[in-house]
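Data block below; observations after.
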Amino acid sequence: MISIDRTDDVILTEPEPTAMTTVTLKNRERRQMTIKVYELCGAEDRRFSPFCWRIRLALAHKGLDAEFEPMCFTQKDKIAFADSKTVPVLVDGETAMNESWDIADYLENTYPEAPSLFCGDAGRAVTGFINAWTNSTLNPALIMCVLPDIYDRIDPMDHAYFRESREKRFGMTIEAMRETQSDALARCDGALTPLRTILKSEEWIAGDAPAFADYLIFSAFQWCRIMSPAEIVKAGDPIYDWRERMLDLFNGLGRSFEAAS
Ligand SMILES: N[C@@H](CCC(=O)N[C@@H](CS)C(=O)NCC(=O)O)C(=O)O
């Protein structure tokens with residue numbers, strides 16, 4: 001098994017990459033036995049983080065119960081115990097860790113009797129490529145389409161932080177981004193070509209059944225669905241049909257979170 005060096009990713013949607021942290025808990029957090037996941041939350045309890053959705057779906061795939069703890073961007077004190085500045089943070093018994101790829105790996109190795117997220121070493125390697133493509137190409141293309149809509153739907157307590165950090169990262173104001181949304185949607189559609197091509201012939205990205213490769217990509221669309229009314233994909237597109245199938249998984253888990261209107 002190889003380990004994936006995330007420093008090679010171009011991560012335009014994320015804060016400065018931080019090292020993966022795994023912390024052995026010594027304090028009160030370790031007493032709880034149910035798995036706990038800290039995740040981002042917007043206004044009206046919108047659970048929108050694409051990185052957290054990956055883990056929500058990975059847990060559902062493994063049949064593991066978990067408790068989800070909401071957190072605003074400006075409540076990072078909640079995850080300081082795990083030495084992390086980003087979510088998801090997963091707490092399982094005495095272990096607390098961040099980095100969605102490492103959490104998926106941890107779940108795969110710690111719960112091997114549950115359905116596999118990667119379907120073997122070859123599947124894990126291909127899923128690693130999907131992870132890199134999602135982080136370096138898909139998420140950056142999508143964020144240019146939906147960032148102003150995200151701003152409109154986060155908790156007002158996060159507005160100043162979000163505006164300052166994102167305007168610095170993208171070198172333009174949120175208002176300027178709002179004006180270029182239709183160009184961004186057209187550019188994004190081009191980035192979707194490899195995904196559309198594979199979904200013309202395959203029901204799932206992972207093959208016969210959905211697995212972590214599907215969750216990585218779906219989570220990006222779910223982020224947009226929850227935070228933006230923009231039509232990224234339209235009915236009749238193979239990506240739209242696959243997204244519908246994904247929304248139905250696990251008794252409609254994805255669909256049970258309201259879409260932005
Ligand atoms: N490489 C991390 C990225 C996680 C990440 O960027 N999470 C976002 C939420 S979607 C976050 O915590 N952002 C905090 C911030 O922007 O201050 C992973 O895969 O878990």
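Just remember, in the structure tokens the first chain shown is A, the second B, etc., residues are 1-based per chain, and ligands are 1-based in the order shown.
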
What's the 10 Å shell around segment 99-103 of chain A, counting only C-alpha atoms, without same-chain residues fewer than 2 positions away, as a ChimeraX atom specification? /A:3-4,6,17-22,50-55,58,84,86-91,96-97,105-109,127-128,131,212,216

Please identify all polymer residues within 7 Å of segment 220-224 of chain A, counting only C-alpha atoms, omitting same-chain residues fewer than 5 positions from it, and present them as a list in words. Phe48, Ser49, Pro50, Asn139 and Val146 of chain A

Print the selection's residues with N, CA and C atoms to a file, as a PDB file, in the first residue's frame.
ATOM      1  N   PHE A  48     -22.646  21.896   4.802  1.00  0.00           N
ATOM      2  CA  PHE A  48     -22.291  22.047   3.389  1.00  0.00           C
ATOM      3  C   PHE A  48     -20.883  21.632   3.003  1.00  0.00           C
ATOM      4  N   SER A  49     -20.026  21.328   3.950  1.00  0.00           N
ATOM      5  CA  SER A  49     -18.611  21.109   3.590  1.00  0.00           C
ATOM      6  C   SER A  49     -18.424  19.878   2.709  1.00  0.00           C
ATOM      7  N   PRO A  50     -17.787  20.055   1.543  1.00  0.00           N
ATOM      8  CA  PRO A  50     -17.567  18.889   0.669  1.00  0.00           C
ATOM      9  C   PRO A  50     -16.644  17.856   1.321  1.00  0.00           C
ATOM     10  N   ASN A 139     -13.153  20.897  -7.529  1.00  0.00           N
ATOM     11  CA  ASN A 139     -13.533  21.882  -6.500  1.00  0.00           C
ATOM     12  C   ASN A 139     -13.180  23.317  -6.914  1.00  0.00           C
ATOM     13  N   VAL A 146     -19.977  29.160  -7.301  1.00  0.00           N
ATOM     14  CA  VAL A 146     -20.918  29.215  -6.169  1.00  0.00           C
ATOM     15  C   VAL A 146     -20.449  30.033  -4.963  1.00  0.00           C
TER      16      VAL A 146
END

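If you look at atom CA of Asp83 of chain A and atom CA of Thr95 of chain A, they are 12.1 Å away from each other.
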
Among the residues A:Met71, A:Ala176, A:Leu253, A:Ile198, the one that comes closest to ligand 1 [using only C-alpha atoms and all ligand atoms]: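 Closest candidate: A:Met71.
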
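Here the question is which of A:Ser219, A:Ser228, A:Thr193, A:Thr24 gets nearest to Gln181 of chain A using only C-alpha atoms, and that residue is A:Ser228.
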
Please identify the strand (DSSP E or B) residues within segment 16-144 of chain A (assignment by DSSP from backbone atoms) and present them as JSON, numbers by chain. {"A": [22, 23, 24, 35, 36, 37, 38, 39, 40, 66, 67, 68, 69, 70, 71, 89, 90, 91, 92, 95, 96, 97, 98]}

Can you tell me which residues surround segment 249-251 of chain A at a distance of at most 9 Å, considering only C-alpha atoms, apart from same-chain residues fewer than 2 positions away, and format the answer as a count of residues only? 11

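If you measure from each of A:Phe257, A:Pro238, A:Met144, A:Phe118 to Gly171 of chain A using only C-alpha atoms, the closest one turns out to be A:Met144.
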
Which of A:Trp133, A:Trp204, A:Tyr215, A:Tyr161 sits closest to ligand 1 [using only C-alpha atoms and all ligand atoms]: A:Tyr161

In Å to one decimal, how far is atom 7 (N, counted along the ligand's line) of ligand 1 from atom CA of Pro70 of chain A?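 Taking atom CA of Pro70 of chain A and atom 7 (N, counted along the ligand's line) of ligand 1, their separation equals 13.0 Å.
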